$ cat work_27.pdb   # PDB, C-alpha atoms
ATOM      1  CA  PRO A   1     -10.123  15.085  35.810
ATOM      2  CA  TRP A   2     -12.340  17.078  33.512
ATOM      3  CA  THR A   3     -13.004  20.664  34.365
ATOM      4  CA  VAL A   4     -16.124  22.483  33.333
ATOM      5  CA  PRO A   5     -15.318  25.712  31.496
ATOM      6  CA  GLN A   6     -16.338  28.805  33.387
ATOM      7  CA  PRO A   7     -18.251  31.556  31.601
ATOM      8  CA  ASN A   8     -16.005  34.257  30.146
ATOM      9  CA  LYS A   9     -12.889  32.030  30.587
ATOM     10  CA  SER A  10     -11.191  30.150  27.782
ATOM     11  CA  PHE A  11     -10.961  26.397  27.855
ATOM     12  CA  THR A  12      -7.875  24.852  26.258
ATOM     13  CA  PHE A  13      -7.384  21.238  25.336
ATOM     14  CA  LYS A  14      -3.915  20.385  24.023
ATOM     15  CA  PHE A  15      -3.069  17.200  22.102
ATOM     16  CA  ASP A  16      -0.482  15.870  19.663
ATOM     17  CA  PHE A  17      -0.330  13.158  17.047
ATOM     18  CA  HIS A  18       2.581  10.794  16.702
ATOM     19  CA  VAL A  19       3.119   8.616  13.647
ATOM     20  CA  SER A  20       4.659   5.390  14.980
ATOM     21  CA  ALA A  21       5.238   3.650  11.657
ATOM     22  CA  VAL A  22       5.295   4.482   7.966
ATOM     23  CA  LEU A  23       4.652   2.279   4.931
ATOM     24  CA  ARG A  24       7.574   2.982   2.604
ATOM     25  CA  ILE A  25       7.837   2.669  -1.191
ATOM     26  CA  ASP A  26       9.326  -0.829  -0.847
ATOM     27  CA  ASN A  27       6.029  -1.895   0.796
ATOM     28  CA  ILE A  28       7.668  -2.488   4.188
ATOM     29  CA  TRP A  29       6.393  -0.867   7.371
ATOM     30  CA  LYS A  30       9.168   0.970   9.197
ATOM     31  CA  PHE A  31       9.203   2.566  12.622
ATOM     32  CA  ASN A  32       9.352   6.341  12.853
ATOM     33  CA  PHE A  33      12.491   7.094  14.888
ATOM     34  CA  ASN A  34      12.849  10.633  13.528
ATOM     35  CA  ASP A  35      10.021  12.298  15.447
ATOM     36  CA  ALA A  36      10.075  12.668  19.205
ATOM     37  CA  ILE A  37       7.369  10.937  21.170
ATOM     38  CA  PHE A  38       5.761  13.404  23.595
ATOM     39  CA  ASN A  39       8.564  14.909  25.692
ATOM     40  CA  ALA A  40      11.074  12.208  24.707
ATOM     41  CA  GLU A  41      14.041  14.375  25.716
ATOM     42  CA  ASN A  42      13.074  14.148  29.388
ATOM     43  CA  ASP A  43      11.448  10.720  29.339
ATOM     44  CA  SER A  44      13.521   8.106  31.179
ATOM     45  CA  LYS A  45      11.841   5.385  29.074
ATOM     46  CA  MET A  46      13.391   6.687  25.846
ATOM     47  CA  ILE A  47      16.878   6.766  24.346
ATOM     48  CA  VAL A  48      17.794   9.720  22.158
ATOM     49  CA  PHE A  49      20.635   9.254  19.654
ATOM     50  CA  LYS A  50      22.173  12.616  18.733
ATOM     51  CA  GLU A  51      24.581  13.199  15.868
ATOM     52  CA  LYS A  52      27.899  14.503  17.207
ATOM     53  CA  ASN A  53      28.388  17.284  14.659
ATOM     54  CA  ASN A  54      24.725  18.306  14.505
ATOM     55  CA  GLU A  55      22.697  17.614  17.646
ATOM     56  CA  LYS A  56      19.507  18.649  15.838
ATOM     57  CA  VAL A  57      19.693  15.338  13.963
ATOM     58  CA  ARG A  58      18.176  12.817  16.361
ATOM     59  CA  LEU A  59      16.668   9.352  16.511
ATOM     60  CA  TYR A  60      14.286   8.333  19.296
ATOM     61  CA  THR A  61      13.661   4.788  20.479
ATOM     62  CA  HIS A  62      12.195   2.940  23.452
ATOM     63  CA  LYS A  63      14.766   2.046  26.096
ATOM     64  CA  LYS A  64      13.200  -1.274  27.182
ATOM     65  CA  LEU A  65      13.395  -2.791  23.716
ATOM     66  CA  MET A  66      16.994  -1.670  23.271
ATOM     67  CA  MET A  67      17.951  -3.001  26.714
ATOM     68  CA  PHE A  68      16.312  -6.350  25.906
ATOM     69  CA  HIS A  69      18.560  -6.869  22.861
ATOM     70  CA  SER A  70      21.670  -4.982  23.999
ATOM     71  CA  SER A  71      24.409  -6.272  26.256
ATOM     72  CA  ARG A  72      26.213  -2.921  26.350
ATOM     73  CA  LEU A  73      23.741  -0.089  26.924
ATOM     74  CA  PRO A  74      23.624   0.887  30.620
ATOM     75  CA  ILE A  75      20.218   1.244  32.306
ATOM     76  CA  SER A  76      20.927   4.920  32.994
ATOM     77  CA  CYS A  77      21.480   5.540  29.275
ATOM     78  CA  GLN A  78      19.177   8.261  27.972
ATOM     79  CA  ASN A  79      21.198  10.381  25.542
ATOM     80  CA  VAL A  80      23.752   8.840  23.189
ATOM     81  CA  ILE A  81      26.108  11.021  21.166
ATOM     82  CA  VAL A  82      26.733   9.243  17.865
ATOM     83  CA  PRO A  83      30.386   9.475  16.728
ATOM     84  CA  ALA A  84      31.087  11.175  13.408
ATOM     85  CA  SER A  85      32.305   7.847  11.978
ATOM     86  CA  VAL A  86      28.770   6.418  12.277
ATOM     87  CA  SER A  87      26.195   7.331   9.641
ATOM     88  CA  MET A  88      22.801   8.266  11.102
ATOM     89  CA  ASN A  89      21.208   6.559   8.086
ATOM     90  CA  MET A  90      22.987   3.285   8.974
ATOM     91  CA  LEU A  91      22.084   3.746  12.653
ATOM     92  CA  GLU A  92      18.436   4.124  11.639
ATOM     93  CA  LYS A  93      18.681   0.860   9.650
ATOM     94  CA  CYS A  94      20.264  -0.806  12.669
ATOM     95  CA  LEU A  95      17.399   0.370  14.914
ATOM     96  CA  GLN A  96      14.807  -0.831  12.373
ATOM     97  CA  ILE A  97      16.405  -4.299  12.391
ATOM     98  CA  ALA A  98      16.608  -4.272  16.209
ATOM     99  CA  HIS A  99      12.843  -3.661  16.240
ATOM    100  CA  GLY A 100      12.217  -6.601  13.882
ATOM    101  CA  VAL A 101      11.941  -4.883  10.496
ATOM    102  CA  GLN A 102      13.408  -6.902   7.600
ATOM    103  CA  VAL A 103      15.365  -4.046   6.013
ATOM    104  CA  HIS A 104      16.853  -4.488   2.537
ATOM    105  CA  CYS A 105      20.601  -3.848   2.808
ATOM    106  CA  SER A 106      23.397  -4.008   0.276
ATOM    107  CA  VAL A 107      26.544  -6.008   1.067
ATOM    108  CA  GLU A 108      28.308  -2.778   2.089
ATOM    109  CA  ASP A 109      25.381  -1.660   4.263
ATOM    110  CA  VAL A 110      25.322  -5.009   6.070
ATOM    111  CA  MET A 111      28.951  -4.492   7.121
ATOM    112  CA  LYS A 112      28.244  -0.932   8.339
ATOM    113  CA  VAL A 113      25.103  -1.968  10.235
ATOM    114  CA  ARG A 114      26.975  -4.893  11.819
ATOM    115  CA  PHE A 115      29.687  -2.482  13.039
ATOM    116  CA  ILE A 116      27.040  -0.289  14.718
ATOM    117  CA  ALA A 117      25.283  -3.338  16.180
ATOM    118  CA  LYS A 118      28.587  -4.467  17.711
ATOM    119  CA  LEU A 119      29.093  -1.010  19.266
ATOM    120  CA  LEU A 120      25.595  -1.095  20.785
ATOM    121  CA  GLY A 121      25.756  -4.794  21.693
ATOM    122  CA  LEU A 122      22.614  -5.635  19.672
ATOM    123  CA  LYS A 123      22.828  -9.418  19.332
ATOM    124  CA  ASN A 124      19.677  -9.757  17.240
ATOM    125  CA  VAL A 125      21.069  -7.297  14.678
ATOM    126  CA  THR A 126      24.455  -9.050  14.463
ATOM    127  CA  LYS A 127      22.637 -12.358  13.832
ATOM    128  CA  TYR A 128      20.503 -10.690  11.148
ATOM    129  CA  CYS A 129      23.654  -9.308   9.489
ATOM    130  CA  GLU A 130      25.268 -12.749   9.579
ATOM    131  CA  ARG A 131      22.216 -14.236   7.812
ATOM    132  CA  ARG A 132      22.366 -11.481   5.183
ATOM    133  CA  ARG A 133      26.092 -12.084   4.632
ATOM    134  CA  ILE A 134      25.336 -15.766   4.007
ATOM    135  CA  GLU A 135      22.710 -14.763   1.433
ATOM    136  CA  TYR A 136      25.243 -12.494  -0.307
ATOM    137  CA  LEU A 137      28.085 -15.047  -0.190
ATOM    138  CA  ASN A 138      27.866 -15.796  -3.922
ATOM    139  CA  GLN A 139      28.239 -12.049  -4.684
ATOM    140  CA  VAL A 140      31.413 -11.562  -2.648
ATOM    141  CA  LYS A 141      34.972 -12.428  -3.623
ATOM    142  CA  ILE A 142      36.282 -14.735  -0.907
ATOM    143  CA  THR A 143      39.693 -13.356  -0.047
ATOM    144  CA  ASP A 144      42.134 -14.640   2.564
ATOM    145  CA  GLN A 145      41.334 -11.554   4.636
ATOM    146  CA  LEU A 146      37.602 -12.352   4.603
ATOM    147  CA  PHE A 147      38.348 -15.958   5.528
ATOM    148  CA  HIS A 148      40.623 -14.891   8.417
ATOM    149  CA  SER A 149      38.233 -12.299   9.818
ATOM    150  CA  THR A 150      35.384 -14.811   9.810
ATOM    151  CA  PHE A 151      37.372 -17.215  11.949
ATOM    152  CA  VAL A 152      38.751 -14.563  14.295
ATOM    153  CA  ARG A 153      35.259 -13.122  14.889
ATOM    154  CA  ASP A 154      33.745 -16.606  15.236
ATOM    155  CA  LEU A 155      30.806 -16.105  12.882
ATOM    156  CA  ARG A 156      29.843 -19.770  13.173
ATOM    157  CA  HIS A 157      26.977 -19.925  10.666
ATOM    158  CA  TYR A 158      28.907 -17.845   8.161
ATOM    159  CA  GLN A 159      31.967 -20.094   8.643
ATOM    160  CA  VAL A 160      29.986 -23.194   7.712
ATOM    161  CA  HIS A 161      28.777 -21.592   4.476
ATOM    162  CA  LEU A 162      32.224 -20.146   3.769
ATOM    163  CA  LEU A 163      33.787 -23.608   4.143
ATOM    164  CA  LYS A 164      31.229 -24.964   1.656
ATOM    165  CA  THR A 165      32.661 -22.626  -0.992
ATOM    166  CA  LEU A 166      36.026 -24.422  -0.781
ATOM    167  CA  ASN A 167      36.570 -27.168  -3.346
ATOM    168  CA  SER A 168      39.115 -29.376  -1.594
ATOM    169  CA  ASN A 169      41.160 -30.068   1.513
ATOM    170  CA  LYS A 170      44.165 -28.567  -0.288
ATOM    171  CA  GLU A 171      42.322 -25.275  -0.572
ATOM    172  CA  LEU A 172      41.469 -25.381   3.150
ATOM    173  CA  LYS A 173      45.101 -26.202   3.961
ATOM    174  CA  ARG A 174      46.313 -23.254   1.881
ATOM    175  CA  LYS A 175      43.895 -20.909   3.692
ATOM    176  CA  LEU A 176      44.894 -22.208   7.135
ATOM    177  CA  GLU A 177      48.616 -21.876   6.373
ATOM    178  CA  THR A 178      48.180 -18.123   5.954
ATOM    179  CA  MET A 179      46.367 -17.801   9.308
ATOM    180  CA  ASP A 180      47.519 -17.662  12.913
ATOM    181  CA  ILE A 181      45.748 -20.824  14.047
ATOM    182  CA  GLN A 182      46.420 -19.951  17.707
ATOM    183  CA  LYS A 183      43.801 -17.184  17.391
ATOM    184  CA  MET A 184      41.112 -19.651  16.306
ATOM    185  CA  ASN A 185      38.807 -20.941  19.000
ATOM    186  CA  SER A 186      38.071 -24.644  19.461
ATOM    187  CA  GLU A 187      34.677 -24.459  17.704
ATOM    188  CA  SER A 188      36.259 -23.001  14.571
ATOM    189  CA  MET A 189      38.900 -25.742  14.631
ATOM    190  CA  LYS A 190      36.161 -28.379  14.943
ATOM    191  CA  ARG A 191      34.395 -26.967  11.897
ATOM    192  CA  CYS A 192      37.642 -27.139   9.890
ATOM    193  CA  ALA A 193      38.276 -30.718  11.077
ATOM    194  CA  HIS A 194      34.711 -31.672  10.113
ATOM    195  CA  PHE A 195      35.246 -30.204   6.640
ATOM    196  CA  PHE A 196      38.564 -32.046   6.310
ATOM    197  CA  PHE A 197      37.181 -35.479   7.283
ATOM    198  CA  HIS A 198      34.034 -34.954   5.229
ATOM    199  CA  ASN A 199      36.152 -34.340   2.104
ATOM    200  CA  CYS A 200      38.695 -37.176   2.518
TER     201      CYS A 200
END
$ encode --input "work_27.pdb" --output "structure tokens"
Amino acid sequence: PWTVPQPNKSFTFKFDFHVSAVLRIDNIWKFNFNDAIFNAENDSKMIVFKEKNNEKVRLYTHKKLMMFHSSRLPISCQNVIVPASVSMNMLEKCLQIAHGVQVHCSVEDVMKVRFIAKLLGLKNVTKYCERRRIEYLNQVKITDQLFHSTFVRDLRHYQVHLLKTLNSNKELKRKLETMDIQKMNSESMKRCAHFFFHNC
């Protein structure tokens, strides 16, 4: 309700501005997670990520959107202390991707963002990282360790593209001989069998 100012009494109207998004140099709009939205610390609709070693460094995001994409964040979650092993810069990239921003990431950044997404249970971010890894496949040396980790983690789309980099069934056989096949799930085995029969 509006109140009419009384004579000889001051009338105060308080308001704030909040910048929700910023157009960056790379011509991509990004959400502003650095500035608190009106009383975000006490707002049950917000999640505040605080850096462990410096709680003044914070990122603010809407809880409903995070809960929609996350399988791990509890409903009561309001304040999250970010471990020292997690870069706030990478967390910010992860949040941008969770909100639908197509962030440019290097191969190394994709791996770091994927790690954070796994911790937070953000399925849409892990899928985004898998797509990026496929795009960068020609820039990465395919080691036995990379091959093994892909099959253990069951990155199905990445596996298909990784198998396409192999030249023959002998190469697949050599890779599989160095792995513990018991750790592979049935879908991964089917993909290997498909590759084998397709290249007979």
$ residues_around --input "work_27.pdb" --residues "range 98-112 of chain A" --least-positions-apart "2" --cutoff "9 Å" --atoms "only C-alpha atoms" --output "PyMOL selection string"
chain A and resi 28-31+65-66+69+86-87+90-91+93-96+114-117+122-125+128-130+132-133+136+139-140
$ residues_around --input "work_27.pdb" --residues "Lys63 in chain A" --least-positions-apart "3" --cutoff "7 Å" --atoms "all atoms listed in the file" --output "list in words"
Lys45, Met46, Ile47, Met66 and Met67 of chain A
$ closest_residue --input "work_27.pdb" --among "A:Ser70, A:Val22, A:Asn32, A:Met88" --to "Lys52 in chain A" --atoms "only C-alpha atoms"
A:Met88
$ residues_around --input "work_27.pdb" --residues "range 143-150 of chain A" --least-positions-apart "6" --cutoff "8 Å" --atoms "only C-alpha atoms" --output "list in words"
Tyr158, Gln159, Leu162, Lys175, Thr178 and Met179 of chain A
$ residues_around --input "work_27.pdb" --residues "Ser188 in chain A" --least-positions-apart "2" --cutoff "10 Å" --atoms "only C-alpha atoms" --output "ChimeraX atom specification"
/A:150-156,159-160,181,183-186,190-194
$ closest_residue --input "work_27.pdb" --among "A:Asn199, A:Gln182, A:Thr165, A:Thr126" --to "Lys141 in chain A" --atoms "only C-alpha atoms"
A:Thr165
$ atom_distance --input "work_27.pdb" --atom1 "CA of Val113 in chain A" --atom2 "CA of Ile142 in chain A"
20.3 Å
$ closest_residue --input "work_27.pdb" --among "A:Ser71, A:Ile97, A:Ser44, A:Arg131" --to "Lys118 in chain A" --atoms "all atoms listed in the file"
A:Ser71
$ atom_distance --input "work_27.pdb" --atom1 "CA of Asn53 in chain A" --atom2 "CA of Val80 in chain A"
12.9 Å
$ atom_distance --input "work_27.pdb" --atom1 "CA of Phe49 in chain A" --atom2 "CA of Gln78 in chain A"
8.5 Å
